[in-house]
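File shown: structure15.txt (compact mmCIF, C-alpha atoms).
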```txt
# COMPACT_ATOMS: atom_id res chain seq x y z
CA MET A 1447 0.00 0.00 0.00
CA GLU A 1448 2.81 2.39 0.90
CA SER A 1449 4.66 1.74 -2.39
CA LYS A 1450 1.45 2.40 -4.35
CA ALA A 1451 0.97 5.71 -2.53
CA LYS A 1452 4.55 6.71 -3.32
CA SER A 1453 4.15 5.90 -7.02
CA LYS A 1454 0.84 7.78 -7.13
CA PHE A 1455 2.58 11.02 -6.11
CA ALA A 1456 5.87 10.34 -7.92
CA PHE A 1457 5.10 13.10 -10.43
CA MET A 1458 5.35 15.62 -7.56
CA LYS A 1459 8.82 14.47 -6.53
CA GLY A 1460 11.72 16.90 -6.60
CA PHE A 1461 9.94 20.20 -7.19
CA ASP A 1462 11.36 23.36 -5.62
CA TYR A 1463 8.42 23.74 -3.24
CA PRO A 1464 9.68 26.95 -1.59
CA LEU A 1465 9.53 28.62 -5.03
CA LEU A 1466 6.04 27.27 -5.65
CA LEU A 1467 4.79 28.36 -2.22
CA VAL A 1468 6.02 31.95 -2.55
CA VAL A 1469 4.35 32.22 -5.98
CA LEU A 1470 1.10 30.89 -4.50
CA GLY A 1471 1.35 33.46 -1.70
CA LEU A 1472 1.88 36.33 -4.14
CA CYS A 1473 -1.08 35.19 -6.25
CA ALA A 1474 -3.29 34.98 -3.14
CA LEU A 1475 -2.30 38.51 -2.16
CA GLY A 1476 -2.94 39.64 -5.72
CA PHE A 1477 -6.46 38.20 -5.53
CA ALA A 1478 -7.23 40.31 -2.45
CA ILE A 1479 -5.60 43.45 -3.89
CA VAL A 1480 -7.45 43.12 -7.20
CA TYR A 1481 -10.75 42.95 -5.34
CA SER A 1482 -9.84 46.01 -3.30
CA GLY A 1483 -8.77 47.92 -6.39
CA SER A 1484 -12.03 47.11 -8.15
CA VAL A 1485 -14.03 49.40 -5.85
CA ASN A 1486 -13.76 52.39 -8.17
CA VAL A 1487 -14.81 50.19 -11.10
CA ALA A 1488 -17.84 49.07 -9.10
CA MET A 1489 -18.77 52.67 -8.29
CA ALA A 1490 -18.63 53.62 -11.96
CA LYS A 1491 -20.42 50.57 -13.40
CA GLY A 1492 -22.65 49.33 -10.61
CA SER A 1493 -22.34 47.26 -7.44
CA SER A 1494 -21.76 43.96 -9.28
CA ALA A 1495 -18.80 45.24 -11.31
CA ALA A 1496 -16.21 44.44 -8.63
CA GLY A 1497 -17.44 40.86 -8.42
CA GLU A 1498 -17.30 40.47 -12.20
CA TYR A 1499 -13.78 41.92 -12.23
CA LEU A 1500 -12.68 39.48 -9.54
CA PHE A 1501 -14.33 36.53 -11.30
CA ARG A 1502 -12.45 37.32 -14.51
CA HIS A 1503 -9.17 37.52 -12.56
CA LEU A 1504 -9.98 34.13 -10.99
CA ILE A 1505 -10.46 32.60 -14.44
CA TYR A 1506 -7.06 33.90 -15.51
CA LEU A 1507 -5.52 32.54 -12.31
CA LEU A 1508 -6.97 29.08 -12.95
CA ALA A 1509 -5.75 29.17 -16.55
CA GLY A 1510 -2.32 30.30 -15.31
CA PHE A 1511 -2.06 27.46 -12.81
CA GLY A 1512 -3.08 25.03 -15.55
CA LEU A 1513 -0.15 26.35 -17.60
CA LEU A 1514 2.12 26.17 -14.53
CA PHE A 1515 1.23 22.50 -14.12
CA PHE A 1516 1.87 21.83 -17.81
CA GLY A 1517 5.20 23.67 -17.71
CA SER A 1518 6.30 21.76 -14.62
CA MET A 1519 5.43 18.34 -16.13
CA PHE A 1520 6.65 18.91 -19.71
CA ASP A 1521 10.36 18.12 -20.09
CA HIS A 1522 12.18 21.43 -20.58
CA SER A 1523 14.77 19.83 -22.89
CA VAL A 1524 12.09 19.52 -25.58
CA TRP A 1525 11.94 23.32 -25.84
CA LYS A 1526 15.54 23.28 -27.05
CA LYS A 1527 14.71 20.71 -29.69
CA PHE A 1528 11.96 22.92 -31.11
CA SER A 1529 13.50 26.33 -30.36
CA HIS A 1530 13.27 27.50 -34.00
CA LEU A 1531 9.63 26.48 -34.24
CA CYS A 1532 8.89 28.18 -30.92
CA PHE A 1533 10.59 31.39 -32.07
CA GLY A 1534 8.83 31.30 -35.43
CA GLY A 1535 5.46 30.93 -33.70
CA GLY A 1536 6.17 34.00 -31.58
CA VAL A 1537 7.10 36.07 -34.64
CA LEU A 1538 3.93 34.92 -36.40
CA LEU A 1539 1.81 36.12 -33.47
CA LEU A 1540 3.51 39.52 -33.58
CA PHE A 1541 2.82 39.72 -37.32
CA LEU A 1542 -0.85 38.85 -36.82
CA VAL A 1543 -1.18 41.89 -34.57
CA PHE A 1544 -0.54 44.06 -37.63
CA LEU A 1545 -3.25 42.26 -39.59
CA MET A 1546 -5.99 41.91 -37.01
CA GLY A 1547 -4.71 43.51 -33.82
CA LYS A 1548 -6.96 45.43 -31.45
CA GLU A 1549 -5.89 48.89 -30.27
CA VAL A 1550 -6.17 49.64 -26.55
CA ASN A 1551 -4.99 52.89 -24.94
CA GLY A 1552 -3.30 54.00 -28.15
CA ALA A 1553 -1.24 50.83 -28.65
CA GLN A 1554 -2.01 47.96 -31.02
CA ARG A 1555 -0.68 45.03 -29.01
CA TRP A 1556 -3.65 42.69 -28.59
CA LEU A 1557 -5.33 39.90 -30.53
CA GLU A 1558 -8.93 38.95 -29.82
CA ILE A 1559 -9.62 35.24 -30.20
CA GLY A 1560 -13.03 33.86 -29.25
CA GLY A 1561 -13.86 36.98 -27.26
CA VAL A 1562 -10.62 36.68 -25.25
CA GLN A 1563 -7.85 39.26 -25.63
CA ILE A 1564 -4.28 37.98 -25.65
CA GLN A 1565 -1.06 39.97 -25.83
CA PRO A 1566 1.35 38.14 -28.19
CA SER A 1567 4.39 40.02 -26.89
CA GLU A 1568 3.91 38.25 -23.53
CA MET A 1569 4.28 34.90 -25.30
CA VAL A 1570 7.21 36.14 -27.36
CA LYS A 1571 9.33 36.68 -24.24
CA PHE A 1572 9.32 32.91 -23.66
CA SER A 1573 10.00 32.23 -27.36
CA VAL A 1574 13.04 34.50 -27.17
CA ALA A 1575 14.13 32.84 -23.91
CA VAL A 1576 14.07 29.39 -25.51
CA TRP A 1577 15.78 30.48 -28.73
CA ILE A 1578 18.56 32.49 -27.04
CA SER A 1579 19.19 29.74 -24.48
CA ALA A 1580 19.43 27.12 -27.24
CA LYS A 1581 21.83 29.26 -29.29
CA PHE A 1582 24.19 30.01 -26.42
CA SER A 1583 24.14 26.39 -25.23
CA ILE A 1584 25.86 25.32 -28.48
CA LEU A 1585 28.20 28.33 -28.72
CA LYS A 1586 31.79 27.15 -29.03
CA MET A 1587 34.13 28.76 -26.53
CA PRO A 1588 36.57 30.39 -26.16
CA ILE A 1589 36.16 33.28 -28.59
CA ALA A 1590 39.35 33.84 -30.57
CA ASP A 1591 38.96 37.48 -31.64
CA TRP A 1592 36.46 40.12 -32.78
CA LYS A 1593 36.02 38.42 -36.15
CA ASP A 1594 35.26 35.11 -34.50
CA TYR A 1595 32.83 36.86 -32.14
CA GLY A 1596 31.08 38.57 -35.05
CA ILE A 1597 30.64 35.30 -36.93
CA LYS A 1598 29.26 33.52 -33.87
CA MET A 1599 26.89 36.34 -32.90
CA ALA A 1600 25.74 37.43 -36.36
CA GLN A 1601 22.81 35.01 -36.43
CA CYS A 1602 21.69 35.96 -32.92
CA PHE A 1603 21.76 39.70 -33.65
CA GLY A 1604 20.19 39.25 -37.09
CA VAL A 1605 17.23 37.21 -35.84
CA MET A 1606 16.71 39.45 -32.84
CA LEU A 1607 16.27 42.40 -35.21
CA ILE A 1608 12.93 40.84 -36.18
CA ILE A 1609 11.74 41.07 -32.58
CA VAL A 1610 13.14 44.59 -32.27
CA PHE A 1611 11.21 45.69 -35.35
CA PHE A 1612 7.86 44.28 -34.21
CA LEU A 1613 8.09 45.50 -30.61
CA ILE A 1614 9.02 49.01 -31.73
CA LYS A 1615 6.13 49.09 -34.21
CA HIS A 1616 3.50 47.85 -31.74
CA PRO A 1617 4.88 49.76 -29.69
CA ASN A 1618 6.15 47.91 -26.60
CA TYR A 1619 9.50 49.58 -26.01
CA SER A 1620 9.75 48.74 -22.29
CA MET A 1621 9.40 45.02 -22.98
CA LEU A 1622 12.01 45.28 -25.72
CA LEU A 1623 14.50 46.90 -23.33
CA MET A 1624 13.86 44.23 -20.69
CA ILE A 1625 14.39 41.42 -23.20
CA CYS A 1626 17.68 42.99 -24.37
CA ILE A 1627 18.93 43.47 -20.79
CA VAL A 1628 18.10 39.87 -19.85
CA CYS A 1629 19.79 38.59 -23.03
CA PHE A 1630 22.88 40.49 -21.83
CA ALA A 1631 22.60 38.67 -18.48
CA VAL A 1632 22.54 35.33 -20.31
CA MET A 1633 25.69 36.36 -22.18
CA VAL A 1634 27.36 37.14 -18.84
CA VAL A 1635 26.44 33.70 -17.48
CA ALA A 1636 27.72 32.14 -20.73
CA GLU A 1637 31.12 33.63 -19.74
CA ILE A 1638 31.57 35.75 -22.86
CA PRO A 1639 34.55 38.08 -22.18
CA TRP A 1640 33.65 41.58 -21.04
CA LYS A 1641 35.25 43.39 -23.95
CA TYR A 1642 32.87 41.62 -26.33
CA LEU A 1643 29.94 42.26 -24.00
CA MET A 1644 30.68 45.97 -23.98
CA GLY A 1645 30.97 45.90 -27.76
CA SER A 1646 27.51 44.33 -27.93
CA VAL A 1647 26.11 47.07 -25.72
CA GLY A 1648 27.51 49.69 -28.08
CA ILE A 1649 26.20 47.93 -31.19
CA VAL A 1650 22.72 47.19 -29.84
CA GLY A 1651 22.10 49.42 -26.83
CA VAL A 1652 23.01 52.84 -28.24
CA PRO A 1653 20.85 52.52 -31.39
CA LEU A 1654 17.91 51.30 -29.27
CA LEU A 1655 18.15 54.34 -26.99
CA ILE A 1656 18.28 56.66 -29.99
CA VAL A 1657 15.24 55.00 -31.58
CA GLY A 1658 13.39 55.26 -28.27
CA LEU A 1659 13.88 59.02 -28.20
CA PHE A 1660 12.28 59.42 -31.63
CA GLN A 1661 8.82 59.02 -30.07
CA ARG A 1662 7.61 62.30 -28.60
CA TYR A 1663 5.53 60.71 -25.83
CA ARG A 1664 8.60 58.92 -24.48
CA VAL A 1665 10.50 62.19 -24.30
CA GLU A 1666 7.53 63.75 -22.48
CA ARG A 1667 7.59 60.91 -19.96
CA ILE A 1668 11.26 61.48 -19.27
CA VAL A 1669 10.72 65.24 -18.90
CA SER A 1670 7.79 64.70 -16.52
CA PHE A 1671 9.91 62.24 -14.53
CA LEU A 1672 12.64 64.84 -14.13
CA ASN A 1673 10.18 67.70 -13.38
CA PRO A 1674 7.04 66.09 -11.91
CA GLU A 1675 5.77 69.26 -10.19
CA GLU A 1676 5.66 71.16 -13.48
CA ASN A 1677 3.58 68.41 -15.10
CA ALA A 1678 1.37 67.52 -12.14
CA GLN A 1679 -1.86 67.71 -14.15
CA GLY A 1680 -0.35 66.18 -17.26
CA SER A 1681 2.05 63.32 -17.90
CA ALA A 1682 3.22 63.21 -14.24
CA TYR A 1683 -0.32 62.92 -12.83
CA GLN A 1684 -0.23 59.14 -12.39
CA VAL A 1685 3.23 59.04 -10.81
CA ILE A 1686 2.47 61.84 -8.32
CA ASN A 1687 -0.71 60.12 -7.17
CA MET A 1688 1.04 56.76 -6.86
CA MET A 1689 3.69 58.35 -4.64
CA THR A 1690 0.93 60.04 -2.63
CA ALA A 1691 -0.81 56.69 -2.13
CA ILE A 1692 2.38 55.07 -0.81
CA GLY A 1693 2.97 58.02 1.52
CA ASN A 1694 -0.61 57.84 2.82
CA GLY A 1695 -0.08 54.25 3.94
CA GLY A 1696 2.50 55.09 6.57
CA ILE A 1697 4.11 52.22 8.46
CA PHE A 1698 1.13 49.90 8.91
CA GLY A 1699 -1.19 50.96 6.08
CA LYS A 1700 -4.89 51.76 6.08
CA GLY A 1701 -5.97 48.16 5.71
CA ILE A 1702 -7.20 46.10 2.75
CA GLY A 1703 -10.09 47.88 1.04
CA LYS A 1704 -9.60 51.18 2.91
CA GLY A 1705 -7.32 53.02 0.49
CA THR A 1706 -8.58 56.25 -1.07
CA GLN A 1707 -6.19 57.00 -3.94
CA LYS A 1708 -7.69 54.10 -5.91
CA LEU A 1709 -10.95 56.07 -6.18
CA GLY A 1710 -10.08 57.61 -9.52
CA PHE A 1711 -6.77 59.23 -8.54
CA VAL A 1712 -4.40 56.43 -9.62
CA PRO A 1713 -5.19 55.28 -13.18
CA GLU A 1714 -4.83 51.54 -13.86
CA VAL A 1715 -4.61 50.88 -10.13
CA ASN A 1716 -5.02 47.12 -10.61
CA THR A 1717 -2.23 46.86 -13.18
CA ASP A 1718 0.44 49.54 -13.60
CA GLY A 1719 -0.16 51.10 -10.17
CA VAL A 1720 -0.86 48.05 -8.02
CA PHE A 1721 2.26 48.52 -5.83
CA ALA A 1722 1.00 51.99 -4.93
CA LEU A 1723 -2.26 50.39 -3.77
CA ILE A 1724 -0.27 47.88 -1.72
CA GLY A 1725 1.74 50.72 -0.15
CA GLU A 1726 -1.40 52.61 0.88
CA GLU A 1727 -3.35 49.63 2.23
CA LEU A 1728 -0.52 47.52 3.69
CA GLY A 1729 1.93 50.30 4.57
CA TYR A 1730 5.71 50.26 4.55
CA LEU A 1731 5.84 46.97 6.46
CA GLY A 1732 3.51 45.24 4.01
CA SER A 1733 5.43 46.64 1.06
CA ALA A 1734 8.72 45.46 2.59
CA GLY A 1735 7.18 42.01 3.03
CA ILE A 1736 6.28 41.93 -0.66
CA LEU A 1737 9.83 42.93 -1.60
CA LEU A 1738 11.23 40.16 0.60
CA ALA A 1739 8.88 37.63 -1.01
CA PHE A 1740 10.09 38.63 -4.47
CA ALA A 1741 13.71 38.56 -3.31
CA PHE A 1742 13.19 35.02 -2.02
CA LEU A 1743 11.59 34.03 -5.34
CA PHE A 1744 14.57 35.36 -7.28
CA TYR A 1745 16.97 33.65 -4.86
CA ARG A 1746 15.28 30.27 -5.45
CA GLY A 1747 15.39 30.88 -9.20
CA ALA A 1748 19.11 31.66 -8.99
CA LEU A 1749 19.68 28.40 -7.11
CA ILE A 1750 17.83 26.48 -9.81
CA ALA A 1751 20.03 28.11 -12.47
CA GLU A 1752 23.19 27.36 -10.49
CA ARG A 1753 22.27 23.69 -10.01
CA ALA A 1754 21.01 23.07 -13.57
CA ARG A 1755 22.82 20.17 -15.22
CA SER A 1756 22.84 21.52 -18.77
CA ASN A 1757 23.80 24.86 -20.26
CA PHE A 1758 20.39 25.20 -21.92
CA ALA A 1759 18.57 24.73 -18.60
CA ARG A 1760 20.93 27.19 -16.89
CA TYR A 1761 20.47 29.90 -19.50
CA LEU A 1762 16.71 29.39 -19.67
CA SER A 1763 16.50 29.70 -15.88
CA VAL A 1764 18.58 32.90 -15.94
CA PHE A 1765 16.37 34.40 -18.64
CA ILE A 1766 13.12 33.57 -16.83
CA ILE A 1767 14.18 34.78 -13.40
CA GLY A 1768 16.01 37.78 -14.89
CA TYR A 1769 12.93 38.90 -16.81
CA LEU A 1770 10.67 38.55 -13.77
CA ALA A 1771 13.18 40.51 -11.69
CA MET A 1772 13.41 43.31 -14.28
CA ASN A 1773 9.62 43.45 -14.56
CA THR A 1774 9.27 43.70 -10.77
CA LEU A 1775 11.99 46.33 -10.33
CA ILE A 1776 10.65 48.56 -13.12
CA HIS A 1777 7.08 48.40 -11.79
CA ILE A 1778 8.14 49.29 -8.25
CA ALA A 1779 10.57 51.99 -9.43
CA VAL A 1780 7.80 53.68 -11.43
CA CYS A 1781 5.41 53.60 -8.46
CA LEU A 1782 8.10 55.14 -6.24
CA GLY A 1783 8.88 57.85 -8.79
CA CYS A 1784 12.37 56.46 -9.41
CA ALA A 1785 11.84 55.74 -13.12
CA PRO A 1786 9.83 57.23 -15.99
CA PRO A 1787 6.28 55.81 -16.20
CA THR A 1788 5.80 52.72 -18.35
CA GLY A 1789 3.01 50.18 -18.50
CA GLN A 1790 4.46 47.19 -16.66
CA PRO A 1791 2.28 45.09 -14.32
CA LEU A 1792 3.61 43.56 -11.10
CA PRO A 1793 4.17 39.81 -11.62
CA PHE A 1794 1.60 37.51 -9.96
CA ILE A 1795 -0.20 40.42 -8.28
CA SER A 1796 -1.53 42.74 -11.00
CA VAL A 1797 -4.88 41.85 -12.54
CA GLY A 1798 -4.77 38.72 -14.68
CA GLY A 1799 -4.35 38.29 -18.42
CA SER A 1800 -1.60 37.24 -20.79
CA ASN A 1801 1.08 38.51 -18.39
CA LEU A 1802 -0.18 36.49 -15.42
CA CYS A 1803 -0.67 33.30 -17.45
CA MET A 1804 2.76 33.44 -19.10
CA ASN A 1805 4.54 34.28 -15.83
CA LEU A 1806 2.94 31.27 -14.15
CA PHE A 1807 3.83 29.09 -17.13
CA MET A 1808 7.48 30.18 -16.90
CA ILE A 1809 7.47 29.36 -13.18
CA GLY A 1810 6.26 25.91 -14.19
CA VAL A 1811 9.24 25.57 -16.54
CA LEU A 1812 11.56 26.59 -13.69
CA LEU A 1813 9.98 23.93 -11.48
CA ASN A 1814 10.61 21.34 -14.17
CA ILE A 1815 14.28 22.36 -14.37
CA SER A 1816 14.51 22.15 -10.57
CA ARG A 1817 13.52 18.46 -10.60
CA GLU A 1818 15.68 17.26 -13.48
CA ASN A 1819 17.89 15.16 -11.23
CA THR A 1820 14.98 13.40 -9.48
CA GLY A 1821 12.80 11.03 -11.45
CA LYS A 1822 11.15 11.69 -14.80
CA SER A 1823 8.76 14.31 -16.10
CA ILE A 1824 6.20 14.09 -18.89
CA ALA A 1825 8.23 14.04 -22.08
CA PHE A 1826 7.71 14.29 -25.82
CA ASP A 1827 9.15 11.95 -28.45
CA GLY A 1828 10.87 9.82 -25.85
CA VAL A 1829 12.95 12.64 -24.39
CA ASN A 1830 13.19 12.79 -20.61
CA SER A 1831 15.23 14.70 -18.09
CA ARG A 1832 17.64 11.90 -17.28
CA TYR A 1833 18.47 11.43 -20.96
CA SER A 1834 18.86 15.19 -21.38
CA ILE A 1835 21.40 15.33 -18.56
CA GLN A 1836 23.51 12.54 -20.05
CA LYS A 1837 23.33 14.10 -23.53
CA ALA A 1838 24.26 17.54 -22.16
CA ARG A 1839 27.38 16.16 -20.50
CA TYR A 1840 28.75 14.95 -23.82
CA GLN A 1841 27.41 17.66 -26.17
CA GLY A 1842 27.74 20.75 -23.99
CA GLY A 1843 23.99 21.44 -24.09
```
Write-out of the structure in structure tokens:
Amino acid sequence: MESKAKSKFAFMKGFDYPLLLVVLGLCALGFAIVYSGSVNVAMAKGSSAAGEYLFRHLIYLLAGFGLLFFGSMFDHSVWKKFSHLCFGGGVLLLFLVFLMGKEVNGAQRWLEIGGVQIQPSEMVKFSVAVWISAKFSILKMPIADWKDYGIKMAQCFGVMLIIVFFLIKHPNYSMLLMICIVCFAVMVVAEIPWKYLMGSVGIVGVPLLIVGLFQRYRVERIVSFLNPEENAQGSAYQVINMMTAIGNGGIFGKGIGKGTQKLGFVPEVNTDGVFALIGEELGYLGSAGILLAFAFLFYRGALIAERARSNFARYLSVFIIGYLAMNTLIHIAVCLGCAPPTGQPLPFISVGGSNLCMNLFMIGVLLNISRENTGKSIAFDGVNSRYSIQKARYQGG
């Protein structure tokens, strides 16, 4: 009987449960915060609006946890095998936005399928993660000289230009910058010498910054960030009110549901401004607790990357945890007035959608990587983790 019970739960063996628990805790907090932030929506649309808003978030949460389960069971080594197909699918989704995309808040970033809006760029971040990780896992080291570096990196830079083009045209410049920064982090972990890394920054980073300044609204955001008082009723309105909300919370906060800045003062309070709502209702202590939870999540992700038994798994882990860390830092920095405003939700807490579902899916992939030295996971075409480890030892994957 005992052996049967063990085999029944064998699929759960080896997961990084501390990582899973902290994600569950953040999602539970997000559920409460989303309901609190829906009060102003309810006032504008009727008493049932908050409940409808919460129900929709619950549906996204359930879908996200379904994807988390799939990602945790599906052998991560298969993503390397089909990295080109995965990348091509992401590019196709970005192209479809041009043909049939839906414009929201002045940006054409969404596709509507069966009455459900999805944001393809959220899926593309995983496609890029898989493709970059696969490419660097087969990169032959050491690099002899600049010519050798150029030959080895030409394909990576050339293909990434496709993503750069689409994300600039959508536009989704903040996501593009985060993807580029995290790709740089993967290059650091791949032990590419610093002189070549700095050369890559000059080749890619400087042109991206110049292109970013071509858009007038981005320049206005930077100006309002530097002089918020002079633009208090304009482009700095959201940031000033988010900072006010955090200041109103004090040390202990006003309590869940008792914040006032969410009543029309902080736009997009359930998405771009959710940390400001947390600061007002949970106070400095609650906000510090959230920061510690995220820090612990990133620490567990770093451990998974360090212990990964293949280069592909290591780089994929670094990309996933690096992207989530960048997303979190940018969101919090904007709410604190430490960075120009940009539309980035807070992972696992902001109201659900493509971002929540894809973040949970990527956590599932991390969980699968964390268990690669204990038992087997659901595989495709006969590939399993134990085989992947042996193959990686001999092929450098």
How many Å separate CA of Cys1781 (chain A) from CA of Tyr1619 (chain A)?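 If I compute the distance from CA of Cys1781 (chain A) to CA of Tyr1619 (chain A), I get 18.5 Å.
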Counting all atoms listed in the file, what are the residues of region 1756-1793 of chain A within 6 Å of region 1702-1724 of chain A, and for each of them which pair of atoms is the nearest and at what distance in Å, to one decimal? Sort the table by chain and rising number, as CSV.
```
residue,atom,partner,partner_atom,distance
A:Cys1781,CA,A:Ala1722,CA,5.9
A:Gly1789,CA,A:Asp1718,CA,5.6
A:Gln1790,CA,A:Asp1718,CA,5.6
A:Pro1791,CA,A:Asp1718,CA,4.9
```
Residue contacts of Val1605 (chain A) (12 Å, only C-alpha atoms) excluding same-chain residues fewer than 4 positions away, as a PDB file with C-alpha atoms, in the frame of the given file:
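Just written: out_6.pdb:
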```
ATOM      1  CA  HIS A1530      13.270  27.500 -34.000  1.00  0.00           C
ATOM      2  CA  PHE A1533      10.590  31.390 -32.070  1.00  0.00           C
ATOM      3  CA  GLY A1534       8.830  31.300 -35.430  1.00  0.00           C
ATOM      4  CA  VAL A1537       7.100  36.070 -34.640  1.00  0.00           C
ATOM      5  CA  VAL A1574      13.040  34.500 -27.170  1.00  0.00           C
ATOM      6  CA  TRP A1577      15.780  30.480 -28.730  1.00  0.00           C
ATOM      7  CA  ILE A1578      18.560  32.490 -27.040  1.00  0.00           C
ATOM      8  CA  LYS A1581      21.830  29.260 -29.290  1.00  0.00           C
ATOM      9  CA  MET A1599      26.890  36.340 -32.900  1.00  0.00           C
ATOM     10  CA  ALA A1600      25.740  37.430 -36.360  1.00  0.00           C
ATOM     11  CA  GLN A1601      22.810  35.010 -36.430  1.00  0.00           C
ATOM     12  CA  ILE A1609      11.740  41.070 -32.580  1.00  0.00           C
ATOM     13  CA  VAL A1610      13.140  44.590 -32.270  1.00  0.00           C
ATOM     14  CA  PHE A1611      11.210  45.690 -35.350  1.00  0.00           C
ATOM     15  CA  PHE A1612       7.860  44.280 -34.210  1.00  0.00           C
TER      16      PHE A1612
END
```
Kindly give the distance, in Å, that separates CA of Leu1545 (chain A) and CA of Glu1568 (chain A), rounded to a single decimal. 18.0 Å
Quick check, in Å to one decimal: how far apart do CA of Arg1555 (chain A) and CA of Lys1615 (chain A) lie? 9.5 Å
Show me, as CSV, the residues of region 1716-1809 of chain A having an atom within 6 Å of region 1502-1522 of chain A, each with the closest atom pair and its distance in Å, using all atoms listed in the file.
```
residue,atom,partner,partner_atom,distance
A:Gly1798,CA,A:His1503,CA,5.0
A:Gly1799,CA,A:Tyr1506,CA,5.9
A:Cys1803,CA,A:Gly1510,CA,4.0
A:Leu1806,CA,A:Leu1514,CA,5.2
A:Phe1807,CA,A:Leu1514,CA,4.3
```
Residues at most 10 Å from Gly1471 (chain A), counting all atoms listed in the file, excluding those fewer than 3 positions away in the same chain, as a list in words?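 Using all atoms listed in the file, the neighbours found are Leu1466, Leu1467, Val1468, Ala1474, Leu1475, Gly1476, Phe1477, Ile1736, Ala1739, Phe1794 and Ile1795 of chain A.
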Expected answer as a list in words: all residues with atoms within 9 Å of (24.2, 34.6, -22.3), only C-alpha atoms: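 Residues with an atom at most 9 Å from (24.2, 34.6, -22.3): Ile1578, Ser1579, Phe1582, Ser1583, Val1628, Cys1629, Phe1630, Ala1631, Val1632, Met1633, Val1634, Val1635, Ala1636, Glu1637, Ile1638, Tyr1761, Val1764 and Phe1765 of chain A.
Restricting the calculation to all atoms listed in the file, the smallest distance between Met1569 (chain A) and any of A:Gly1651, A:Val1685, A:Phe1541, A:Cys1532 is found for A:Cys1532.
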Of the listed residues A:Phe1671, A:Tyr1463, A:Phe1603, A:Phe1501, that which approaches Ile1809 (chain A) most closely, counting only C-alpha atoms: A:Tyr1463
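Candidate residues A:Ser1482, A:Asp1462, A:Ala1575, A:Leu1557 were compared for distance to Ser1796 (chain A), and the nearest is A:Ser1482, using all atoms listed in the file.
Taking only C-alpha atoms into account, Leu1622 (chain A) lies nearest to A:Met1772 out of the set A:Met1772, A:Met1689, A:Ile1479, A:Val1669.
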Hey, can you pull every residue with an atom no more than 7 Å from (23.1, 44.6, -36.2), using only C-alpha atoms, and send it as number ranges by chain? A: 1603-1604, 1649-1650
With distances taken over all atoms listed in the file, which residue among A:Ala1785, A:Met1644, A:Cys1626, A:Leu1812 lies nearest Ile1767 (chain A)? A:Leu1812
Which one is closest to Pro1793 (chain A): A:Ile1692, A:Leu1737, A:Ile1815, A:Ile1750? Count all atoms listed in the file.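 That would be A:Leu1737, the residue with the smallest distance to Pro1793 (chain A).
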